[in-house]
Amino acid sequence: MPFYDSEAIERARQVDLLTYLQTCEPQELVHVSGNVYCTRTHDSLRISNGKWCWFSRGTGGYSALDYLIKVNGYSFLEAIVTANDEVYQNISSSLSDTTALVTTLIIVITAVSMVLIILILSMSIRSRKRETGILLAVGIAKPAVILQYVLETLLIAVVAFPLAYLSSKQVAGALGTLFGKAAENVIVTPEHFILVAIVGGVLLVAAVLVSSISTMRLKPKQILSQME
């Protein structure tokens with residue numbers, strides 16, 4: 001026989017009938033007027049102000065648990081399972097909303113970070129116009145110059161990413177508590193680090209390429225003339 005602790009039973013008792021029907025059986029719920037509802041199967045069963053009453057049978061109650069037992073004929077254990085499923089649905093819905101929020105934040109933060117990195121790299125490359133012009137003037141190909149910029153940026157990333165990984169373990173725990181999780185349950189694994197490093201490396205290369213466009217589209221003579 002299944003066993004349910006007092007906590008599970010109490011959770012089931014806390015689920016009111018209106019919330020249960022809205023979540024699990026919306027097709028059964030009929031709005032009468034104001035905050036009064038009835039069910040499609042039993043129009044004499046009225047729900048209002050956190051209570052319900054089945055007038056034709058002279059019975060009623062407060063919770064979905066009472067309804068499932070007295071109206072639907074469920075056993076006590078069956079009613080607990082069904083009512084707790086409503087609790088699970090609410091938690092699942094909240095988690096889905098949280099996941100969507102976190103995904104949106106990641107996209108926004110990534111986009112803003114890319115813009116900032118491109119601006120910083122653009123200023124850095126513009127400040128090295130003379131160096132770039134000289135390199136191109138002596139016959140070094142533009143792809144080779146861009147490759148130099150990419151390697152310089154990636155060398156910084158090689159140092160920055162491990163430092164970020166070490167600090168992220170503490171930061172992830174602090175952020176996890178904001179979403180209702182224990183800090184020790186929020187873990188940044190080496191697999192996460194590898195994924196971030198690969199994606200970050202690709203984004204950095206893309207940022208260097210974008211930042212180099214304004215300079216590399218000019219000829220060496222044009223670049224050096226701008227420095228005079």
# chains A, B, ... in the order shown; residues from 1 in each chain; ligands from 1

$ residues_around --residues "A:Ser56" --least-positions-apart "2" --cutoff "12 Å" --atoms "only C-alpha atoms" --output "PyMOL selection string"
chain A and resi 42-46+53-54+58-60+71

$ select_by_dssp --residues "stretch 6-163 of chain A" --states "strand (DSSP E or B)" --output "PyMOL selection string"
chain A and resi 16+29-33+36-39+45-48+51-54+59-61+63

$ select_by_dssp --residues "stretch 2-226 of chain A" --states "helix (DSSP H, G or I)" --output "PyMOL selection string"
chain A and resi 6-13+17-24+26-28+64-70+76-126+129-137+142-178+183-185+190-216+220-226

$ closest_residue --among "A:Arg217, A:Ser168, A:Ser122, A:Ile223" --to "A:Pro143" --atoms "only C-alpha atoms"
A:Arg217

$ atom_distance --atom1 "atom CA of A:Val36" --atom2 "atom CA of A:Thr82"
23.5 Å

$ closest_residue --among "A:Lys129, A:Met123, A:Ala207, A:Ile47" --to "A:His31" --atoms "only C-alpha atoms"
A:Ile47

$ closest_residue --among "A:Ile9, A:Ile106, A:Leu29, A:Val112" --to "A:Val81" --atoms "only C-alpha atoms"
A:Ile9

$ residues_around --residues "A:Ser225" --least-positions-apart "5" --cutoff "12 Å" --atoms "only C-alpha atoms" --output "JSON, numbers by chain"
{"A": [129, 130, 133, 134, 218, 219, 220]}

$ atom_distance --atom1 "atom CA of A:Ala206" --atom2 "atom CA of A:Ser167"
25.4 Å

$ closest_atom_pairs --of "stretch 133-167 of chain A" --to "stretch 195-198 of chain A" --cutoff "12 Å" --atoms "only C-alpha atoms" --output "CSV"
residue,atom,partner,partner_atom,distance
A:Leu154,CA,A:Ala197,CA,10.4
A:Ala157,CA,A:Ala197,CA,8.5
A:Val158,CA,A:Ala197,CA,8.8
A:Val159,CA,A:Ala197,CA,11.2
A:Ala160,CA,A:Ala197,CA,10.0
A:Phe161,CA,A:Ala197,CA,6.7
A:Pro162,CA,A:Ala197,CA,9.0
A:Leu163,CA,A:Ala197,CA,11.7
A:Ala164,CA,A:Ala197,CA,10.2
A:Tyr165,CA,A:Val196,CA,9.3

$ write_last_selection --atoms "C-alpha atoms" --output "short mmCIF file (atom, residue, chain, number, x, y, z; two decimals), in the first residue's frame"
data_model
loop_
_atom_site.label_atom_id
_atom_site.label_comp_id
_atom_site.auth_asym_id
_atom_site.auth_seq_id
_atom_site.Cartn_x
_atom_site.Cartn_y
_atom_site.Cartn_z
CA LEU A 154 42.52 34.64 -27.24
CA ALA A 157 40.88 34.76 -22.79
CA VAL A 158 43.13 31.82 -21.85
CA VAL A 159 43.90 33.61 -18.60
CA ALA A 160 40.44 35.13 -18.08
CA PHE A 161 38.31 32.01 -18.58
CA PRO A 162 39.93 29.87 -15.82
CA LEU A 163 39.71 32.81 -13.40
CA ALA A 164 36.05 33.24 -14.33
CA TYR A 165 35.45 29.51 -13.81
#
